[in-house]
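Raw contents of coords_36.cif, mmCIF, C-alpha atoms, pLDDT in the B column; chains and numbers go by the auth columns:
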```
data_coords
loop_
_atom_site.group_PDB
_atom_site.id
_atom_site.type_symbol
_atom_site.label_atom_id
_atom_site.label_comp_id
_atom_site.label_asym_id
_atom_site.label_seq_id
_atom_site.Cartn_x
_atom_site.Cartn_y
_atom_site.Cartn_z
_atom_site.B_iso_or_equiv
_atom_site.auth_seq_id
_atom_site.auth_asym_id
ATOM 1 C CA GLU A 1 -3.859 -62.315 53.467 79.00 1 A
ATOM 2 C CA THR A 2 -3.027 -62.958 49.823 83.00 2 A
ATOM 3 C CA PHE A 3 -3.452 -61.022 46.624 84.00 3 A
ATOM 4 C CA ALA A 4 -3.887 -62.110 43.036 85.00 4 A
ATOM 5 C CA ALA A 5 -2.955 -59.739 40.259 84.00 5 A
ATOM 6 C CA ALA A 6 -2.811 -59.991 36.493 84.00 6 A
ATOM 7 C CA VAL A 7 0.036 -58.181 34.764 82.00 7 A
ATOM 8 C CA SER A 8 0.769 -57.325 31.168 80.00 8 A
ATOM 9 C CA VAL A 9 4.338 -58.241 30.212 81.00 9 A
ATOM 10 C CA GLU A 10 5.060 -55.671 27.547 75.00 10 A
ATOM 11 C CA ALA A 11 8.370 -53.833 27.420 63.00 11 A
ATOM 12 C CA PRO A 12 9.720 -53.069 23.941 63.00 12 A
ATOM 13 C CA GLY A 13 13.462 -53.514 23.752 58.00 13 A
ATOM 14 C CA LEU A 14 13.613 -55.882 26.725 62.00 14 A
ATOM 15 C CA GLY A 15 13.915 -59.662 26.700 67.00 15 A
ATOM 16 C CA PRO A 16 11.140 -61.789 28.218 72.00 16 A
ATOM 17 C CA GLU A 17 12.955 -62.182 31.555 73.00 17 A
ATOM 18 C CA ALA A 18 13.583 -58.461 31.982 74.00 18 A
ATOM 19 C CA ALA A 19 10.052 -57.572 30.868 79.00 19 A
ATOM 20 C CA ALA A 20 8.502 -60.053 33.316 82.00 20 A
ATOM 21 C CA ARG A 21 10.736 -58.750 36.117 82.00 21 A
ATOM 22 C CA ARG A 22 9.632 -55.181 35.462 82.00 22 A
ATOM 23 C CA ALA A 23 5.976 -56.239 35.518 86.00 23 A
ATOM 24 C CA ARG A 24 6.443 -58.141 38.798 88.00 24 A
ATOM 25 C CA TYR A 25 8.104 -55.225 40.531 89.00 25 A
ATOM 26 C CA ALA A 26 5.419 -52.825 39.310 89.00 26 A
ATOM 27 C CA VAL A 27 2.585 -54.895 40.777 91.00 27 A
ATOM 28 C CA LEU A 28 4.505 -55.520 44.017 92.00 28 A
ATOM 29 C CA GLU A 29 5.025 -51.785 44.431 92.00 29 A
ATOM 30 C CA GLU A 30 1.322 -51.213 43.839 91.00 30 A
ATOM 31 C CA ILE A 31 0.317 -53.778 46.478 92.00 31 A
ATOM 32 C CA ALA A 32 2.909 -52.478 48.954 93.00 32 A
ATOM 33 C CA GLU A 33 1.426 -49.015 48.614 92.00 33 A
ATOM 34 C CA ARG A 34 -2.108 -50.382 48.987 91.00 34 A
ATOM 35 C CA VAL A 35 -1.340 -52.139 52.293 92.00 35 A
ATOM 36 C CA ASP A 36 1.097 -49.436 53.478 93.00 36 A
ATOM 37 C CA ALA A 37 3.993 -51.921 53.683 93.00 37 A
ATOM 38 C CA SER A 38 7.342 -50.597 54.877 93.00 38 A
ATOM 39 C CA ALA A 39 9.252 -53.220 52.859 95.00 39 A
ATOM 40 C CA VAL A 40 8.835 -55.980 50.310 95.00 40 A
ATOM 41 C CA LEU A 41 11.213 -58.876 50.993 96.00 41 A
ATOM 42 C CA LEU A 42 12.681 -60.653 47.965 95.00 42 A
ATOM 43 C CA GLY A 43 13.987 -64.201 48.155 93.00 43 A
ATOM 44 C CA HIS A 44 17.168 -63.901 46.102 95.00 44 A
ATOM 45 C CA THR A 45 20.036 -65.931 47.551 95.00 45 A
ATOM 46 C CA ARG A 46 23.812 -65.972 47.232 95.00 46 A
ATOM 47 C CA ASP A 47 23.464 -68.410 44.328 94.00 47 A
ATOM 48 C CA ASP A 48 21.220 -65.961 42.468 94.00 48 A
ATOM 49 C CA GLN A 49 23.820 -63.257 43.045 94.00 49 A
ATOM 50 C CA ALA A 50 26.588 -65.495 41.686 93.00 50 A
ATOM 51 C CA GLU A 51 24.528 -66.232 38.567 93.00 51 A
ATOM 52 C CA THR A 52 23.955 -62.515 38.006 91.00 52 A
ATOM 53 C CA VAL A 53 27.676 -61.724 38.283 91.00 53 A
ATOM 54 C CA LEU A 54 28.663 -64.571 35.974 91.00 54 A
ATOM 55 C CA LEU A 55 26.096 -63.543 33.350 88.00 55 A
ATOM 56 C CA GLY A 56 27.308 -59.954 33.500 85.00 56 A
ATOM 57 C CA LEU A 57 30.907 -61.082 33.124 85.00 57 A
ATOM 58 C CA ALA A 58 30.092 -63.310 30.142 83.00 58 A
ATOM 59 C CA ARG A 59 28.197 -60.513 28.403 76.00 59 A
ATOM 60 C CA GLY A 60 30.853 -57.892 29.037 73.00 60 A
ATOM 61 C CA SER A 61 28.251 -55.718 30.705 67.00 61 A
ATOM 62 C CA GLY A 62 30.658 -53.638 32.757 73.00 62 A
ATOM 63 C CA GLY A 63 31.088 -52.868 36.424 78.00 63 A
ATOM 64 C CA ARG A 64 27.428 -52.200 37.193 75.00 64 A
ATOM 65 C CA SER A 65 26.405 -55.734 36.161 76.00 65 A
ATOM 66 C CA LEU A 66 29.372 -57.274 37.978 82.00 66 A
ATOM 67 C CA ALA A 67 28.229 -55.444 41.112 87.00 67 A
ATOM 68 C CA GLY A 68 25.206 -57.744 41.045 88.00 68 A
ATOM 69 C CA MET A 69 21.876 -57.231 42.732 90.00 69 A
ATOM 70 C CA ARG A 70 21.492 -54.499 45.318 90.00 70 A
ATOM 71 C CA ARG A 71 20.652 -55.446 48.883 91.00 71 A
ATOM 72 C CA SER A 72 17.862 -52.890 48.866 92.00 72 A
ATOM 73 C CA PHE A 73 16.259 -50.355 46.553 89.00 73 A
ATOM 74 C CA ASP A 74 13.062 -48.350 46.841 89.00 74 A
ATOM 75 C CA VAL A 75 10.721 -50.492 48.965 92.00 75 A
ATOM 76 C CA PHE A 76 12.488 -53.779 48.161 95.00 76 A
ATOM 77 C CA VAL A 77 14.931 -55.614 50.446 96.00 77 A
ATOM 78 C CA ARG A 78 16.928 -58.801 49.812 96.00 78 A
ATOM 79 C CA PRO A 79 17.678 -60.268 53.260 96.00 79 A
ATOM 80 C CA LEU A 80 18.907 -63.668 52.000 96.00 80 A
ATOM 81 C CA LEU A 81 21.771 -62.607 49.708 94.00 81 A
ATOM 82 C CA ASP A 82 24.373 -64.083 52.072 93.00 82 A
ATOM 83 C CA LEU A 83 22.698 -67.504 52.261 95.00 83 A
ATOM 84 C CA PRO A 84 23.142 -70.327 49.748 94.00 84 A
ATOM 85 C CA ARG A 85 19.996 -71.581 48.061 93.00 85 A
ATOM 86 C CA ALA A 86 20.441 -74.998 49.696 93.00 86 A
ATOM 87 C CA ASP A 87 19.988 -73.403 53.136 96.00 87 A
ATOM 88 C CA THR A 88 16.704 -71.782 52.186 95.00 88 A
ATOM 89 C CA VAL A 89 15.435 -75.056 50.705 93.00 89 A
ATOM 90 C CA THR A 90 16.418 -76.956 53.861 96.00 90 A
ATOM 91 C CA ALA A 91 14.781 -74.339 56.094 96.00 91 A
ATOM 92 C CA CYS A 92 11.494 -74.716 54.229 94.00 92 A
ATOM 93 C CA GLN A 93 11.683 -78.493 54.497 95.00 93 A
ATOM 94 C CA VAL A 94 12.387 -78.362 58.243 96.00 94 A
ATOM 95 C CA GLU A 95 9.471 -75.970 58.791 95.00 95 A
ATOM 96 C CA GLY A 96 7.146 -78.026 56.605 95.00 96 A
ATOM 97 C CA ILE A 97 6.642 -75.174 54.159 93.00 97 A
ATOM 98 C CA GLU A 98 5.501 -76.335 50.736 92.00 98 A
ATOM 99 C CA VAL A 99 7.211 -74.220 48.085 88.00 99 A
ATOM 100 C CA TRP A 100 5.932 -73.731 44.547 86.00 100 A
ATOM 101 C CA GLN A 101 8.632 -74.322 41.954 85.00 101 A
ATOM 102 C CA ASP A 102 8.441 -72.074 38.922 85.00 102 A
ATOM 103 C CA PRO A 103 8.903 -74.370 35.884 88.00 103 A
ATOM 104 C CA HIS A 104 10.802 -71.587 34.108 82.00 104 A
ATOM 105 C CA ASN A 105 13.589 -72.119 36.646 84.00 105 A
ATOM 106 C CA GLN A 106 14.382 -75.417 34.918 88.00 106 A
ATOM 107 C CA ASP A 107 13.876 -74.278 31.316 90.00 107 A
ATOM 108 C CA PRO A 108 17.276 -74.351 29.527 90.00 108 A
ATOM 109 C CA ALA A 109 15.952 -71.828 27.021 87.00 109 A
ATOM 110 C CA PHE A 110 16.938 -69.179 29.581 85.00 110 A
ATOM 111 C CA ALA A 111 20.619 -68.297 29.973 87.00 111 A
ATOM 112 C CA ARG A 112 20.301 -68.028 33.769 88.00 112 A
ATOM 113 C CA VAL A 113 19.027 -71.606 33.977 92.00 113 A
ATOM 114 C CA ARG A 114 21.964 -72.856 31.918 94.00 114 A
ATOM 115 C CA VAL A 115 24.357 -71.006 34.200 93.00 115 A
ATOM 116 C CA ARG A 116 22.652 -72.486 37.278 93.00 116 A
ATOM 117 C CA ASN A 117 22.435 -76.092 36.111 92.00 117 A
ATOM 118 C CA ALA A 118 25.474 -76.444 33.852 93.00 118 A
ATOM 119 C CA VAL A 119 28.051 -73.650 34.116 94.00 119 A
ATOM 120 C CA LEU A 120 28.341 -73.131 37.880 93.00 120 A
ATOM 121 C CA PRO A 121 28.509 -76.875 38.662 93.00 121 A
ATOM 122 C CA VAL A 122 31.370 -77.251 36.162 94.00 122 A
ATOM 123 C CA LEU A 123 33.221 -74.299 37.703 93.00 123 A
ATOM 124 C CA GLU A 124 32.791 -75.789 41.172 91.00 124 A
ATOM 125 C CA GLU A 125 34.050 -79.148 39.890 92.00 125 A
ATOM 126 C CA GLN A 126 37.073 -77.729 38.061 93.00 126 A
ATOM 127 C CA LEU A 127 38.065 -74.872 40.369 92.00 127 A
ATOM 128 C CA GLY A 128 36.932 -76.258 43.699 89.00 128 A
ATOM 129 C CA PRO A 129 34.045 -75.375 46.007 89.00 129 A
ATOM 130 C CA GLY A 130 33.272 -71.779 46.855 91.00 130 A
ATOM 131 C CA VAL A 131 32.950 -70.306 43.354 92.00 131 A
ATOM 132 C CA ALA A 132 29.436 -68.997 43.994 91.00 132 A
ATOM 133 C CA GLN A 133 30.557 -67.446 47.269 92.00 133 A
ATOM 134 C CA ALA A 134 33.563 -65.805 45.576 93.00 134 A
ATOM 135 C CA LEU A 135 31.392 -64.353 42.799 92.00 135 A
ATOM 136 C CA ALA A 136 28.945 -62.940 45.351 92.00 136 A
ATOM 137 C CA ARG A 137 31.855 -61.482 47.314 91.00 137 A
ATOM 138 C CA THR A 138 33.111 -59.801 44.137 90.00 138 A
ATOM 139 C CA ALA A 139 29.711 -58.157 43.742 91.00 139 A
ATOM 140 C CA ASP A 140 29.883 -56.789 47.284 89.00 140 A
ATOM 141 C CA GLN A 141 33.360 -55.402 46.675 89.00 141 A
ATOM 142 C CA LEU A 142 32.373 -53.661 43.450 89.00 142 A
ATOM 143 C CA ARG A 143 28.989 -52.312 44.475 88.00 143 A
ATOM 144 C CA GLY A 144 30.311 -49.531 46.696 87.00 144 A
ATOM 145 C CA ASP A 145 32.770 -48.411 44.032 89.00 145 A
ATOM 146 C CA MET A 146 30.060 -48.352 41.352 87.00 146 A
ATOM 147 C CA ASP A 147 27.646 -46.426 43.574 87.00 147 A
ATOM 148 C CA LEU A 148 30.327 -43.814 44.225 91.00 148 A
ATOM 149 C CA LEU A 149 31.196 -43.490 40.532 90.00 149 A
ATOM 150 C CA ASP A 150 27.513 -43.180 39.629 88.00 150 A
ATOM 151 C CA ASP A 151 27.063 -40.404 42.206 92.00 151 A
ATOM 152 C CA VAL A 152 30.113 -38.556 40.883 94.00 152 A
ATOM 153 C CA ALA A 153 28.827 -38.941 37.305 94.00 153 A
ATOM 154 C CA GLU A 154 25.418 -37.565 38.297 94.00 154 A
ATOM 155 C CA ALA A 155 27.069 -34.527 39.875 95.00 155 A
ATOM 156 C CA ALA A 156 29.266 -33.995 36.819 95.00 156 A
ATOM 157 C CA TYR A 157 26.291 -34.361 34.477 94.00 157 A
ATOM 158 C CA ALA A 158 24.458 -31.606 36.349 94.00 158 A
ATOM 159 C CA GLY A 159 27.175 -29.179 35.231 93.00 159 A
ATOM 160 C CA LEU A 160 27.621 -30.646 31.748 94.00 160 A
ATOM 161 C CA ALA A 161 24.020 -31.274 30.708 91.00 161 A
ATOM 162 C CA ASP A 162 24.455 -29.211 27.534 93.00 162 A
ATOM 163 C CA LEU A 163 27.422 -31.481 26.631 96.00 163 A
ATOM 164 C CA PRO A 164 30.136 -28.885 25.886 96.00 164 A
ATOM 165 C CA VAL A 165 33.080 -30.455 24.076 96.00 165 A
ATOM 166 C CA ASP A 166 35.751 -28.662 26.101 96.00 166 A
ATOM 167 C CA GLY A 167 34.032 -29.394 29.412 96.00 167 A
ATOM 168 C CA LEU A 168 33.653 -33.075 28.598 97.00 168 A
ATOM 169 C CA LEU A 169 37.252 -33.416 27.416 96.00 169 A
ATOM 170 C CA ALA A 170 38.404 -31.945 30.718 96.00 170 A
ATOM 171 C CA GLN A 171 36.932 -34.949 32.562 96.00 171 A
ATOM 172 C CA PRO A 172 38.751 -38.278 33.087 95.00 172 A
ATOM 173 C CA ALA A 173 37.655 -40.804 30.451 94.00 173 A
ATOM 174 C CA PRO A 174 35.710 -43.126 32.825 92.00 174 A
ATOM 175 C CA LEU A 175 33.744 -40.188 34.228 94.00 175 A
ATOM 176 C CA ARG A 176 33.214 -38.580 30.815 95.00 176 A
ATOM 177 C CA ARG A 177 31.781 -41.792 29.383 94.00 177 A
ATOM 178 C CA ARG A 178 29.417 -42.166 32.311 93.00 178 A
ATOM 179 C CA VAL A 179 28.185 -38.641 31.686 96.00 179 A
ATOM 180 C CA LEU A 180 27.663 -39.450 28.002 96.00 180 A
ATOM 181 C CA ARG A 181 25.694 -42.563 28.911 93.00 181 A
ATOM 182 C CA LEU A 182 23.528 -40.551 31.302 94.00 182 A
ATOM 183 C CA ALA A 183 22.896 -37.996 28.571 95.00 183 A
ATOM 184 C CA ALA A 184 21.788 -40.709 26.139 94.00 184 A
ATOM 185 C CA LEU A 185 19.485 -42.261 28.730 92.00 185 A
ATOM 186 C CA ARG A 186 17.949 -38.882 29.596 92.00 186 A
ATOM 187 C CA ALA A 187 17.357 -38.281 25.893 92.00 187 A
ATOM 188 C CA GLY A 188 15.312 -41.486 25.711 89.00 188 A
ATOM 189 C CA SER A 189 17.725 -44.223 24.709 88.00 189 A
ATOM 190 C CA PRO A 190 16.574 -47.522 26.336 83.00 190 A
ATOM 191 C CA ALA A 191 19.020 -48.729 28.986 77.00 191 A
ATOM 192 C CA SER A 192 18.620 -52.342 27.838 69.00 192 A
ATOM 193 C CA GLU A 193 19.771 -51.444 24.304 79.00 193 A
ATOM 194 C CA LEU A 194 22.417 -48.821 25.049 84.00 194 A
ATOM 195 C CA PHE A 195 25.727 -50.685 25.008 84.00 195 A
ATOM 196 C CA HIS A 196 29.309 -49.708 25.720 86.00 196 A
ATOM 197 C CA GLU A 197 30.013 -49.552 21.979 89.00 197 A
ATOM 198 C CA HIS A 198 27.439 -46.769 21.621 91.00 198 A
ATOM 199 C CA VAL A 199 29.054 -44.777 24.418 93.00 199 A
ATOM 200 C CA LEU A 200 32.513 -45.250 22.878 93.00 200 A
ATOM 201 C CA ALA A 201 31.188 -43.986 19.528 94.00 201 A
ATOM 202 C CA MET A 202 29.818 -40.884 21.272 95.00 202 A
ATOM 203 C CA ASP A 203 33.147 -40.433 23.004 96.00 203 A
ATOM 204 C CA ALA A 204 34.941 -40.613 19.660 95.00 204 A
ATOM 205 C CA LEU A 205 33.062 -37.468 18.618 95.00 205 A
ATOM 206 C CA LEU A 206 35.131 -35.781 21.317 96.00 206 A
ATOM 207 C CA THR A 207 38.468 -37.585 21.198 95.00 207 A
ATOM 208 C CA ASP A 208 38.717 -38.643 17.537 93.00 208 A
ATOM 209 C CA TRP A 209 36.811 -35.921 15.746 90.00 209 A
ATOM 210 C CA HIS A 210 37.375 -35.907 11.973 88.00 210 A
ATOM 211 C CA GLY A 211 34.085 -34.572 10.688 85.00 211 A
ATOM 212 C CA GLN A 212 31.774 -37.511 11.403 81.00 212 A
ATOM 213 C CA LYS A 213 28.145 -36.601 10.697 85.00 213 A
ATOM 214 C CA TRP A 214 26.604 -38.368 13.682 90.00 214 A
ATOM 215 C CA VAL A 215 26.373 -41.541 15.769 92.00 215 A
ATOM 216 C CA ASP A 216 23.173 -43.588 15.713 93.00 216 A
ATOM 217 C CA LEU A 217 21.863 -44.606 19.143 93.00 217 A
ATOM 218 C CA PRO A 218 19.087 -46.944 20.289 88.00 218 A
ATOM 219 C CA GLY A 219 15.708 -45.308 20.719 87.00 219 A
ATOM 220 C CA ARG A 220 15.822 -43.647 17.280 89.00 220 A
ATOM 221 C CA LEU A 221 18.331 -41.083 18.486 92.00 221 A
ATOM 222 C CA HIS A 222 21.487 -39.729 17.004 92.00 222 A
ATOM 223 C CA CYS A 223 24.337 -37.781 18.512 95.00 223 A
ATOM 224 C CA ARG A 224 26.311 -35.213 16.526 94.00 224 A
ATOM 225 C CA ARG A 225 28.958 -32.604 17.221 95.00 225 A
ATOM 226 C CA GLU A 226 27.918 -29.052 16.451 92.00 226 A
ATOM 227 C CA TYR A 227 29.291 -25.630 17.418 91.00 227 A
ATOM 228 C CA GLY A 228 31.446 -26.881 20.265 93.00 228 A
ATOM 229 C CA ARG A 229 28.940 -29.233 21.868 95.00 229 A
ATOM 230 C CA LEU A 230 27.306 -32.615 21.385 96.00 230 A
ATOM 231 C CA VAL A 231 23.646 -32.659 20.391 95.00 231 A
ATOM 232 C CA LEU A 232 21.281 -35.570 21.033 94.00 232 A
ATOM 233 C CA GLU A 233 18.046 -35.614 19.075 90.00 233 A
ATOM 234 C CA GLY A 234 15.474 -37.994 17.615 84.00 234 A
ATOM 235 C CA THR A 235 15.693 -39.349 14.100 64.00 235 A
ATOM 236 C CA PHE A 236 12.844 -39.337 11.606 47.00 236 A
ATOM 237 C CA ASP A 237 11.668 -42.663 10.206 47.00 237 A
ATOM 238 C CA PRO A 238 10.033 -42.093 6.795 41.00 238 A
ATOM 239 C CA GLY A 239 8.216 -45.403 7.080 42.00 239 A
ATOM 240 C CA SER A 240 6.454 -44.539 10.324 38.00 240 A
#
```
structure tokens encoding of this file:
Amino acid sequence: ETFAAAVSVEAPGLGPEAAARRARYAVLEEIAERVDASAVLLGHTRDDQAETVLLGLARGSGGRSLAGMRRSFDVFVRPLLDLPRADTVTACQVEGIEVWQDPHNQDPAFARVRVRNAVLPVLEEQLGPGVAQALARTADQLRGDMDLLDDVAEAAYAGLADLPVDGLLAQPAPLRRRVLRLAALRAGSPASELFHEHVLAMDALLTDWHGQKWVDLPGRLHCRREYGRLVLEGTFDPGS
């Protein structure tokens, strides 16, 4: 049984790849619910994981990006993350399965395609074989650590949701900054636009306070220090 679905790729603040990915997952979740599926299997391979880690490293996206793609989340499962792409291609050929090739996977306009076709081959040539496997292994090593830190940050945020200055300063810097990022996200700042620099600027309201008025954040928010706490609120755009 097959399904055809039309999706609208609209996600302000996201690039075309991220917006299309969000639309795909949304329709897959809808179909999974309709047919009462226990899981949706995704075809990402070890090569895809290596590309994700390398892109995160190049963009300075932090530990969460370096931890790569999760093996499972919600209804989705990635059972092929330990297999190289060449193995999946060979398996399809042996079984006589005709695979549709998305032309976007060869379009150099996308950074992931450039990493796949140009960057990774050069790394393999210059550093020796096994680079993709090593990058994927790095993701596995980091993922558990990041999950633990995220859980600890969530627990800390529950007790610091009103962002008291003294309470935040009592936390170790890595934990405090995760709490600040969570606060900004909960206030409506888009995750795709909220960068480490924004979090550091919020943190400076605690650690380097010298009367700054506020810090501007994505999502038309600003953060200011007031009466012993940080306040996150929307900004007014006179032109709107």
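Distances here use all atoms listed in the file; by that measure, the residue among A:Arg224, A:Ala183, A:Pro218, A:Leu127 closest to Glu197 in chain A is A:Pro218.
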**Residues in the PyMOL selection byres ((chain A and resi 137) around 12), expressed as a ChimeraX atom specification** = /A:46-47,49-50,53,66-69,81-82,130-136,138-143
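When only C-alpha atoms are used to compute distances to Arg112 in chain A, the closest of the residues A:Glu33, A:Tyr157, A:Val40, A:Ala18 turns out to be A:Ala18.
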**Atomic separation - CA of Ala20 in chain A relative to CA of Arg34 in chain A, Å** =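 These atoms are spaced 21.3 Å apart.
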**Prompt:** From the set A:Leu230, A:Leu221, A:Ala156, A:Ala86, which residue has the shortest atom-to-atom contact distance to Met202 in chain A, counting all atoms listed in the file?
**Reply:**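 With all atoms listed in the file as the atom set, the closest residue is A:Leu230.
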Can you fill out range 151-171 of chain A with N, CA, C and O atoms and hand it back as a PDB file, keeping the file's coordinate frame?
```
ATOM      1  N   ASP A 151      27.375 -41.676  41.542  1.00 92.00           N
ATOM      2  CA  ASP A 151      27.063 -40.404  42.206  1.00 92.00           C
ATOM      3  C   ASP A 151      27.927 -39.272  41.644  1.00 92.00           C
ATOM      4  O   ASP A 151      27.437 -38.157  41.400  1.00 92.00           O
ATOM      5  N   VAL A 152      29.206 -39.569  41.436  1.00 94.00           N
ATOM      6  CA  VAL A 152      30.113 -38.556  40.883  1.00 94.00           C
ATOM      7  C   VAL A 152      29.680 -38.184  39.465  1.00 94.00           C
ATOM      8  O   VAL A 152      29.694 -37.005  39.070  1.00 94.00           O
ATOM      9  N   ALA A 153      29.274 -39.197  38.679  1.00 94.00           N
ATOM     10  CA  ALA A 153      28.827 -38.941  37.305  1.00 94.00           C
ATOM     11  C   ALA A 153      27.558 -38.097  37.290  1.00 94.00           C
ATOM     12  O   ALA A 153      27.405 -37.199  36.448  1.00 94.00           O
ATOM     13  N   GLU A 154      26.647 -38.363  38.206  1.00 94.00           N
ATOM     14  CA  GLU A 154      25.418 -37.565  38.297  1.00 94.00           C
ATOM     15  C   GLU A 154      25.743 -36.111  38.596  1.00 94.00           C
ATOM     16  O   GLU A 154      25.174 -35.187  38.005  1.00 94.00           O
ATOM     17  N   ALA A 155      26.672 -35.892  39.526  1.00 95.00           N
ATOM     18  CA  ALA A 155      27.069 -34.527  39.875  1.00 95.00           C
ATOM     19  C   ALA A 155      27.735 -33.838  38.691  1.00 95.00           C
ATOM     20  O   ALA A 155      27.480 -32.653  38.415  1.00 95.00           O
ATOM     21  N   ALA A 156      28.595 -34.573  37.979  1.00 95.00           N
ATOM     22  CA  ALA A 156      29.266 -33.995  36.819  1.00 95.00           C
ATOM     23  C   ALA A 156      28.262 -33.680  35.713  1.00 95.00           C
ATOM     24  O   ALA A 156      28.358 -32.642  35.045  1.00 95.00           O
ATOM     25  N   TYR A 157      27.294 -34.569  35.521  1.00 94.00           N
ATOM     26  CA  TYR A 157      26.291 -34.361  34.477  1.00 94.00           C
ATOM     27  C   TYR A 157      25.486 -33.089  34.735  1.00 94.00           C
ATOM     28  O   TYR A 157      25.124 -32.368  33.793  1.00 94.00           O
ATOM     29  N   ALA A 158      25.229 -32.797  36.008  1.00 94.00           N
ATOM     30  CA  ALA A 158      24.458 -31.606  36.349  1.00 94.00           C
ATOM     31  C   ALA A 158      25.128 -30.341  35.813  1.00 94.00           C
ATOM     32  O   ALA A 158      24.449 -29.374  35.441  1.00 94.00           O
ATOM     33  N   GLY A 159      26.464 -30.340  35.748  1.00 93.00           N
ATOM     34  CA  GLY A 159      27.175 -29.179  35.231  1.00 93.00           C
ATOM     35  C   GLY A 159      27.538 -29.272  33.766  1.00 93.00           C
ATOM     36  O   GLY A 159      28.093 -28.317  33.204  1.00 93.00           O
ATOM     37  N   LEU A 160      27.249 -30.435  33.149  1.00 94.00           N
ATOM     38  CA  LEU A 160      27.621 -30.646  31.748  1.00 94.00           C
ATOM     39  C   LEU A 160      26.425 -31.089  30.908  1.00 94.00           C
ATOM     40  O   LEU A 160      26.598 -31.717  29.866  1.00 94.00           O
ATOM     41  N   ALA A 161      25.227 -30.764  31.358  1.00 91.00           N
ATOM     42  CA  ALA A 161      24.020 -31.274  30.708  1.00 91.00           C
ATOM     43  C   ALA A 161      23.905 -30.820  29.262  1.00 91.00           C
ATOM     44  O   ALA A 161      23.268 -31.500  28.444  1.00 91.00           O
ATOM     45  N   ASP A 162      24.513 -29.662  28.929  1.00 93.00           N
ATOM     46  CA  ASP A 162      24.455 -29.211  27.534  1.00 93.00           C
ATOM     47  C   ASP A 162      25.602 -29.782  26.698  1.00 93.00           C
ATOM     48  O   ASP A 162      25.790 -29.410  25.539  1.00 93.00           O
ATOM     49  N   LEU A 163      26.380 -30.695  27.305  1.00 96.00           N
ATOM     50  CA  LEU A 163      27.422 -31.481  26.631  1.00 96.00           C
ATOM     51  C   LEU A 163      28.432 -30.624  25.867  1.00 96.00           C
ATOM     52  O   LEU A 163      28.695 -30.839  24.676  1.00 96.00           O
ATOM     53  N   PRO A 164      29.091 -29.673  26.549  1.00 96.00           N
ATOM     54  CA  PRO A 164      30.136 -28.885  25.886  1.00 96.00           C
ATOM     55  C   PRO A 164      31.368 -29.740  25.628  1.00 96.00           C
ATOM     56  O   PRO A 164      31.813 -30.497  26.495  1.00 96.00           O
ATOM     57  N   VAL A 165      31.927 -29.633  24.447  1.00 96.00           N
ATOM     58  CA  VAL A 165      33.080 -30.455  24.076  1.00 96.00           C
ATOM     59  C   VAL A 165      34.255 -30.211  25.017  1.00 96.00           C
ATOM     60  O   VAL A 165      34.855 -31.163  25.547  1.00 96.00           O
ATOM     61  N   ASP A 166      34.593 -28.956  25.250  1.00 96.00           N
ATOM     62  CA  ASP A 166      35.751 -28.662  26.101  1.00 96.00           C
ATOM     63  C   ASP A 166      35.525 -29.157  27.530  1.00 96.00           C
ATOM     64  O   ASP A 166      36.440 -29.701  28.163  1.00 96.00           O
ATOM     65  N   GLY A 167      34.324 -28.961  28.051  1.00 96.00           N
ATOM     66  CA  GLY A 167      34.032 -29.394  29.412  1.00 96.00           C
ATOM     67  C   GLY A 167      34.095 -30.898  29.559  1.00 96.00           C
ATOM     68  O   GLY A 167      34.601 -31.417  30.567  1.00 96.00           O
ATOM     69  N   LEU A 168      33.614 -31.615  28.554  1.00 97.00           N
ATOM     70  CA  LEU A 168      33.653 -33.075  28.598  1.00 97.00           C
ATOM     71  C   LEU A 168      35.084 -33.589  28.481  1.00 97.00           C
ATOM     72  O   LEU A 168      35.485 -34.521  29.183  1.00 97.00           O
ATOM     73  N   LEU A 169      35.871 -32.974  27.597  1.00 96.00           N
ATOM     74  CA  LEU A 169      37.252 -33.416  27.416  1.00 96.00           C
ATOM     75  C   LEU A 169      38.099 -33.148  28.652  1.00 96.00           C
ATOM     76  O   LEU A 169      39.138 -33.796  28.836  1.00 96.00           O
ATOM     77  N   ALA A 170      37.662 -32.236  29.489  1.00 96.00           N
ATOM     78  CA  ALA A 170      38.404 -31.945  30.718  1.00 96.00           C
ATOM     79  C   ALA A 170      38.195 -33.005  31.784  1.00 96.00           C
ATOM     80  O   ALA A 170      38.916 -33.035  32.782  1.00 96.00           O
ATOM     81  N   GLN A 171      37.227 -33.911  31.583  1.00 96.00           N
ATOM     82  CA  GLN A 171      36.932 -34.949  32.562  1.00 96.00           C
ATOM     83  C   GLN A 171      37.757 -36.202  32.283  1.00 96.00           C
ATOM     84  O   GLN A 171      38.060 -36.513  31.125  1.00 96.00           O
TER      85      GLN A 171
END
```
